[in-house]
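Student: Let me give you the structure first, and then I'll get to my questions.
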Amino acid sequence: MFYDAVKNDHGLALDPFKALVAPRPIGWISTVSAAGIANLAPYSFFNAFAQDPHYVAFGSGPPKDTLRNIEATGEFAVNLATWDLREQMNLSSAHVATDEFELAKLERAPCRFIKAPRVADSPACLECRLFQIIPLPDDTGTAENHMVIGRVLGVHIADRFVKEGRVDTVAMRPIARLGYSDYITVSEAWRLRRPD
């Protein structure tokens with residue numbers, strides 16, 4: 001099949017786009033407002049984009065607390081969403097006017113370089129300073145979507161997942177988003193060396 005992505009005339013019951021760009025790591029973003037109110041929300045349009053220095057980015061739809069907090073404070077943290085934390089991650093996706101840490105019954109831990117808290121039980125966290133927010137307009141020029149790019153300042157890794165000088169990602173069992181309401185758990189790794 002082929003369809004015009006601008007017209008989105010695929011004829012299927014649900015838009016297949018997200019099912020094709022998959023799996024997508026989940027950026028479980030924690031922020032704090034200028035007034036000191038914590039916020040936590042998962043974003044499945046997320047990934048790493050540079051190695052030295054480290055940059056990550058996530059896509060945010062219509063402005064929500066996460067985007068407003070980052071605009072106000074210039075910082076955010078990315079917590080690793082895992083199989084063990086899947087229910088709490090899902091709870092934190094609710095559109096509520098309350099602290100998602102409390103809603104999902106998650107313990108906070110302090111970050112070193114930023115004021116936003118991190119998820120204490122997450123096996124890894126990236127502390128980030130805002131680099132840029134890029135509006136992503138539609139054909140009318142309206143920008144309901146934004147790309148948030150952050151420079152990684154600090155990295156937390158639970159010691160139990162560092163083995164023989166390497167991070168054991170499989171042991172962390174991170175989850176990623178497929179299309180629709182489908183997720184996947186990292187449970188196996190294999191190596192493939194580059195030919196050069």
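Each chain in the structure tokens gets a letter, A, B, ..., in the order shown, and its residues are numbered from 1; ligands are numbered from 1 in order too.
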When DSSP is applied to the backbone of this structure, which of stretch 17-194 of chain A are assigned alpha helix (DSSP H)? Write them out as an mmCIF file with N, CA, C and O atoms, in the first residue's frame.
Tutor:
data_model
loop_
_atom_site.group_PDB
_atom_site.id
_atom_site.type_symbol
_atom_site.label_atom_id
_atom_site.label_comp_id
_atom_site.auth_asym_id
_atom_site.auth_seq_id
_atom_site.Cartn_x
_atom_site.Cartn_y
_atom_site.Cartn_z
ATOM 1 N N PHE A 17 1.433 5.467 11.166
ATOM 2 C CA PHE A 17 2.736 6.131 11.251
ATOM 3 C C PHE A 17 3.566 5.691 12.449
ATOM 4 O O PHE A 17 4.716 5.302 12.329
ATOM 5 N N LYS A 18 2.964 5.749 13.639
ATOM 6 C CA LYS A 18 3.725 5.403 14.844
ATOM 7 C C LYS A 18 4.117 3.939 14.881
ATOM 8 O O LYS A 18 5.115 3.579 15.500
ATOM 9 N N ALA A 19 3.348 3.083 14.229
ATOM 10 C CA ALA A 19 3.686 1.659 14.196
ATOM 11 C C ALA A 19 4.878 1.384 13.291
ATOM 12 O O ALA A 19 5.496 0.330 13.388
ATOM 13 N N LEU A 20 5.194 2.325 12.411
ATOM 14 C CA LEU A 20 6.305 2.142 11.486
ATOM 15 C C LEU A 20 7.619 2.689 12.032
ATOM 16 O O LEU A 20 8.690 2.177 11.724
ATOM 17 N N ASP A 65 2.172 21.006 30.784
ATOM 18 C CA ASP A 65 3.012 21.446 31.897
ATOM 19 C C ASP A 65 4.491 21.188 31.636
ATOM 20 O O ASP A 65 5.332 22.017 31.988
ATOM 21 N N THR A 66 4.824 20.049 31.038
ATOM 22 C CA THR A 66 6.229 19.733 30.788
ATOM 23 C C THR A 66 6.884 20.828 29.964
ATOM 24 O O THR A 66 7.941 21.356 30.339
ATOM 25 N N LEU A 67 6.284 21.166 28.848
ATOM 26 C CA LEU A 67 6.854 22.188 27.964
ATOM 27 C C LEU A 67 6.910 23.546 28.654
ATOM 28 O O LEU A 67 7.922 24.256 28.580
ATOM 29 N N ARG A 68 5.843 23.919 29.342
ATOM 30 C CA ARG A 68 5.823 25.207 30.041
ATOM 31 C C ARG A 68 6.902 25.258 31.126
ATOM 32 O O ARG A 68 7.574 26.279 31.298
ATOM 33 N N ASN A 69 7.073 24.149 31.855
ATOM 34 C CA ASN A 69 8.097 24.119 32.907
ATOM 35 C C ASN A 69 9.499 24.259 32.327
ATOM 36 O O ASN A 69 10.347 24.950 32.888
ATOM 37 N N ILE A 70 9.754 23.582 31.210
ATOM 38 C CA ILE A 70 11.071 23.664 30.585
ATOM 39 C C ILE A 70 11.321 25.070 30.054
ATOM 40 O O ILE A 70 12.426 25.610 30.202
ATOM 41 N N GLU A 71 10.305 25.688 29.461
ATOM 42 C CA GLU A 71 10.449 27.074 29.002
ATOM 43 C C GLU A 71 10.774 28.000 30.177
ATOM 44 O O GLU A 71 11.589 28.911 30.046
ATOM 45 N N ALA A 72 10.171 27.749 31.338
ATOM 46 C CA ALA A 72 10.347 28.622 32.503
ATOM 47 C C ALA A 72 11.678 28.396 33.218
ATOM 48 O O ALA A 72 12.281 29.351 33.714
ATOM 49 N N THR A 73 12.141 27.135 33.261
ATOM 50 C CA THR A 73 13.328 26.822 34.073
ATOM 51 C C THR A 73 14.572 26.480 33.256
ATOM 52 O O THR A 73 15.680 26.531 33.779
ATOM 53 N N ARG A 86 6.279 0.137 34.583
ATOM 54 C CA ARG A 86 5.329 0.386 33.488
ATOM 55 C C ARG A 86 3.992 0.942 33.977
ATOM 56 O O ARG A 86 3.421 1.830 33.341
ATOM 57 N N GLU A 87 3.474 0.436 35.077
ATOM 58 C CA GLU A 87 2.173 0.919 35.571
ATOM 59 C C GLU A 87 2.278 2.364 36.048
ATOM 60 O O GLU A 87 1.396 3.182 35.776
ATOM 61 N N GLN A 88 3.370 2.677 36.749
ATOM 62 C CA GLN A 88 3.573 4.048 37.220
ATOM 63 C C GLN A 88 3.786 5.000 36.041
ATOM 64 O O GLN A 88 3.298 6.124 36.041
ATOM 65 N N MET A 89 4.529 4.527 35.027
ATOM 66 C CA MET A 89 4.735 5.348 33.834
ATOM 67 C C MET A 89 3.388 5.663 33.183
ATOM 68 O O MET A 89 3.115 6.801 32.807
ATOM 69 N N ASN A 90 2.550 4.647 33.073
ATOM 70 C CA ASN A 90 1.237 4.839 32.462
ATOM 71 C C ASN A 90 0.378 5.804 33.288
ATOM 72 O O ASN A 90 -0.293 6.684 32.739
ATOM 73 N N LEU A 91 0.391 5.655 34.601
ATOM 74 C CA LEU A 91 -0.363 6.579 35.462
ATOM 75 C C LEU A 91 0.093 8.019 35.269
ATOM 76 O O LEU A 91 -0.720 8.949 35.267
ATOM 77 N N GLU A 100 2.319 14.270 39.447
ATOM 78 C CA GLU A 100 2.299 12.884 38.955
ATOM 79 C C GLU A 100 3.160 11.952 39.788
ATOM 80 O O GLU A 100 2.924 10.747 39.804
ATOM 81 N N PHE A 101 4.166 12.470 40.482
ATOM 82 C CA PHE A 101 4.950 11.621 41.388
ATOM 83 C C PHE A 101 4.028 11.061 42.476
ATOM 84 O O PHE A 101 4.085 9.880 42.800
ATOM 85 N N GLU A 102 3.176 11.925 43.023
ATOM 86 C CA GLU A 102 2.234 11.490 44.057
ATOM 87 C C GLU A 102 1.162 10.588 43.467
ATOM 88 O O GLU A 102 0.814 9.563 44.052
ATOM 89 N N LEU A 103 0.631 10.964 42.310
ATOM 90 C CA LEU A 103 -0.406 10.169 41.656
ATOM 91 C C LEU A 103 0.064 8.737 41.406
ATOM 92 O O LEU A 103 -0.671 7.780 41.650
ATOM 93 N N THR A 169 22.048 -3.117 29.827
ATOM 94 C CA THR A 169 20.756 -2.547 29.440
ATOM 95 C C THR A 169 19.641 -3.580 29.523
ATOM 96 O O THR A 169 18.530 -3.276 29.970
ATOM 97 N N VAL A 170 19.923 -4.805 29.101
ATOM 98 C CA VAL A 170 18.895 -5.850 29.109
ATOM 99 C C VAL A 170 18.391 -6.087 30.530
ATOM 100 O O VAL A 170 17.185 -6.262 30.747
ATOM 101 N N ALA A 171 19.293 -6.068 31.504
ATOM 102 C CA ALA A 171 18.887 -6.294 32.897
ATOM 103 C C ALA A 171 17.959 -5.191 33.407
ATOM 104 O O ALA A 171 17.127 -5.432 34.284
ATOM 105 N N MET A 172 18.074 -3.998 32.849
ATOM 106 C CA MET A 172 17.188 -2.900 33.247
ATOM 107 C C MET A 172 15.769 -3.106 32.710
ATOM 108 O O MET A 172 14.828 -2.548 33.237
#
Student: Find the nearest atom pair between each residue of stretch 114-169 of chain A and stretch 28-33 of chain A for residues within 7 Å, count only C-alpha atoms, give distances in Å to one decimal, sort rows by chain and ascending number, and present the table as CSV.
Tutor:
residue,atom,partner,partner_atom,distance
A:Ala116,CA,A:Thr31,CA,4.8
A:Pro117,CA,A:Ser30,CA,6.5
A:Arg118,CA,A:Ser30,CA,6.3
Student: Could you turn the residues from that selection into a file that holds N, CA and C atoms, as a PDB file, in the first residue's frame?
Tutor:
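Final output, saved to out-v1.pdb:
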ATOM      1  N   ALA A 116      14.953  19.948  38.986  1.00  0.00           N
ATOM      2  CA  ALA A 116      13.894  18.949  38.769  1.00  0.00           C
ATOM      3  C   ALA A 116      14.260  17.654  39.496  1.00  0.00           C
ATOM      4  N   PRO A 117      13.271  16.984  40.099  1.00  0.00           N
ATOM      5  CA  PRO A 117      13.543  15.693  40.725  1.00  0.00           C
ATOM      6  C   PRO A 117      13.627  14.595  39.679  1.00  0.00           C
ATOM      7  N   ARG A 118      14.167  13.456  40.077  1.00  0.00           N
ATOM      8  CA  ARG A 118      14.191  12.279  39.206  1.00  0.00           C
ATOM      9  C   ARG A 118      13.420  11.160  39.888  1.00  0.00           C
TER      10      ARG A 118
END
Student: Distance table requested - stretch 149-171 of chain A against stretch 40-54 of chain A, cut-off 9 Å, only C-alpha atoms: one row per qualifying residue with the closest atom pair and its distance in Å to one decimal, ordered by chain and rising residue number, as a tab-separated table.
Tutor:
residue	atom	partner	partner_atom	distance
A:Gly150	CA	A:His54	CA	8.5
A:Arg151	CA	A:His54	CA	6.0
A:Val152	CA	A:His54	CA	5.4
A:Leu153	CA	A:His54	CA	8.1
Student: Store the residues picked out above in a file with N, CA, C and O atoms, as a PDB file, in the first residue's frame.
Tutor:
ATOM      1  N   GLY A 150      17.746  18.887  24.517  1.00  0.00           N
ATOM      2  CA  GLY A 150      18.460  19.131  25.753  1.00  0.00           C
ATOM      3  C   GLY A 150      19.888  18.625  25.704  1.00  0.00           C
ATOM      4  O   GLY A 150      20.161  17.579  25.113  1.00  0.00           O
ATOM      5  N   ARG A 151      20.784  19.351  26.321  1.00  0.00           N
ATOM      6  CA  ARG A 151      22.180  18.934  26.479  1.00  0.00           C
ATOM      7  C   ARG A 151      22.274  18.176  27.790  1.00  0.00           C
ATOM      8  O   ARG A 151      21.842  18.647  28.844  1.00  0.00           O
ATOM      9  N   VAL A 152      22.812  16.970  27.736  1.00  0.00           N
ATOM     10  CA  VAL A 152      22.918  16.137  28.937  1.00  0.00           C
ATOM     11  C   VAL A 152      24.077  16.646  29.792  1.00  0.00           C
ATOM     12  O   VAL A 152      25.223  16.713  29.336  1.00  0.00           O
ATOM     13  N   LEU A 153      23.765  16.993  31.040  1.00  0.00           N
ATOM     14  CA  LEU A 153      24.769  17.498  31.975  1.00  0.00           C
ATOM     15  C   LEU A 153      25.272  16.432  32.929  1.00  0.00           C
ATOM     16  O   LEU A 153      26.419  16.466  33.366  1.00  0.00           O
TER      17      LEU A 153
END
Student: Residues of stretch 154-189 of chain A classed as strand (DSSP E or B) by DSSP on the backbone are to be reported as a PyMOL selection string.
Tutor: chain A and resi 154-157+162-163+166-167+174-177+183-185
Student: To one decimal in Å, tell me the separation between atom CA of A:Ile114 and atom CA of A:Gln132.
Tutor: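 Distance reported for this atom pair: 16.7 Å.
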Student: Smallest atom-to-atom distance to A:Leu85: which of A:Ala57, A:Ala13, A:Val119, A:Leu136, using only C-alpha atoms?
Tutor: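 Closest candidate: A:Val119.
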Student: Counting only C-alpha atoms, which residue out of A:Cys125, A:Leu106, A:Ala22, A:Ala38 sits closest to A:Ile184?
Tutor: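 Under the stated criterion, the closest residue is A:Ala22.
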Student: So, with only C-alpha atoms as the atoms that count, which of A:Asp99, A:Glu107, A:Asp121, A:Glu164 lies closest to A:Asn79?
Tutor: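 When distances to A:Asn79 are compared using only C-alpha atoms, the smallest one comes from A:Asp121.
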Student: Grab the atom CA of A:Val167 to atom CA of A:Ile149 distance for me, in Å with one decimal place.
Tutor: 24.2 Å
Student: With only C-alpha atoms as the atoms that count, which of A:Asp4, A:Asp9, A:Glu75, A:Asp168 lies nearest to A:Phe113?
Tutor: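 So, comparing all the options, the nearest one is A:Glu75.
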Student: Can you work out which one of A:Pro23, A:Gly11, A:Gly59, A:Gly74 has the shortest atom-to-atom distance to A:Ile134, counting only C-alpha atoms?
Tutor: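 Using only C-alpha atoms, A:Ile134 sits closest to A:Gly59.
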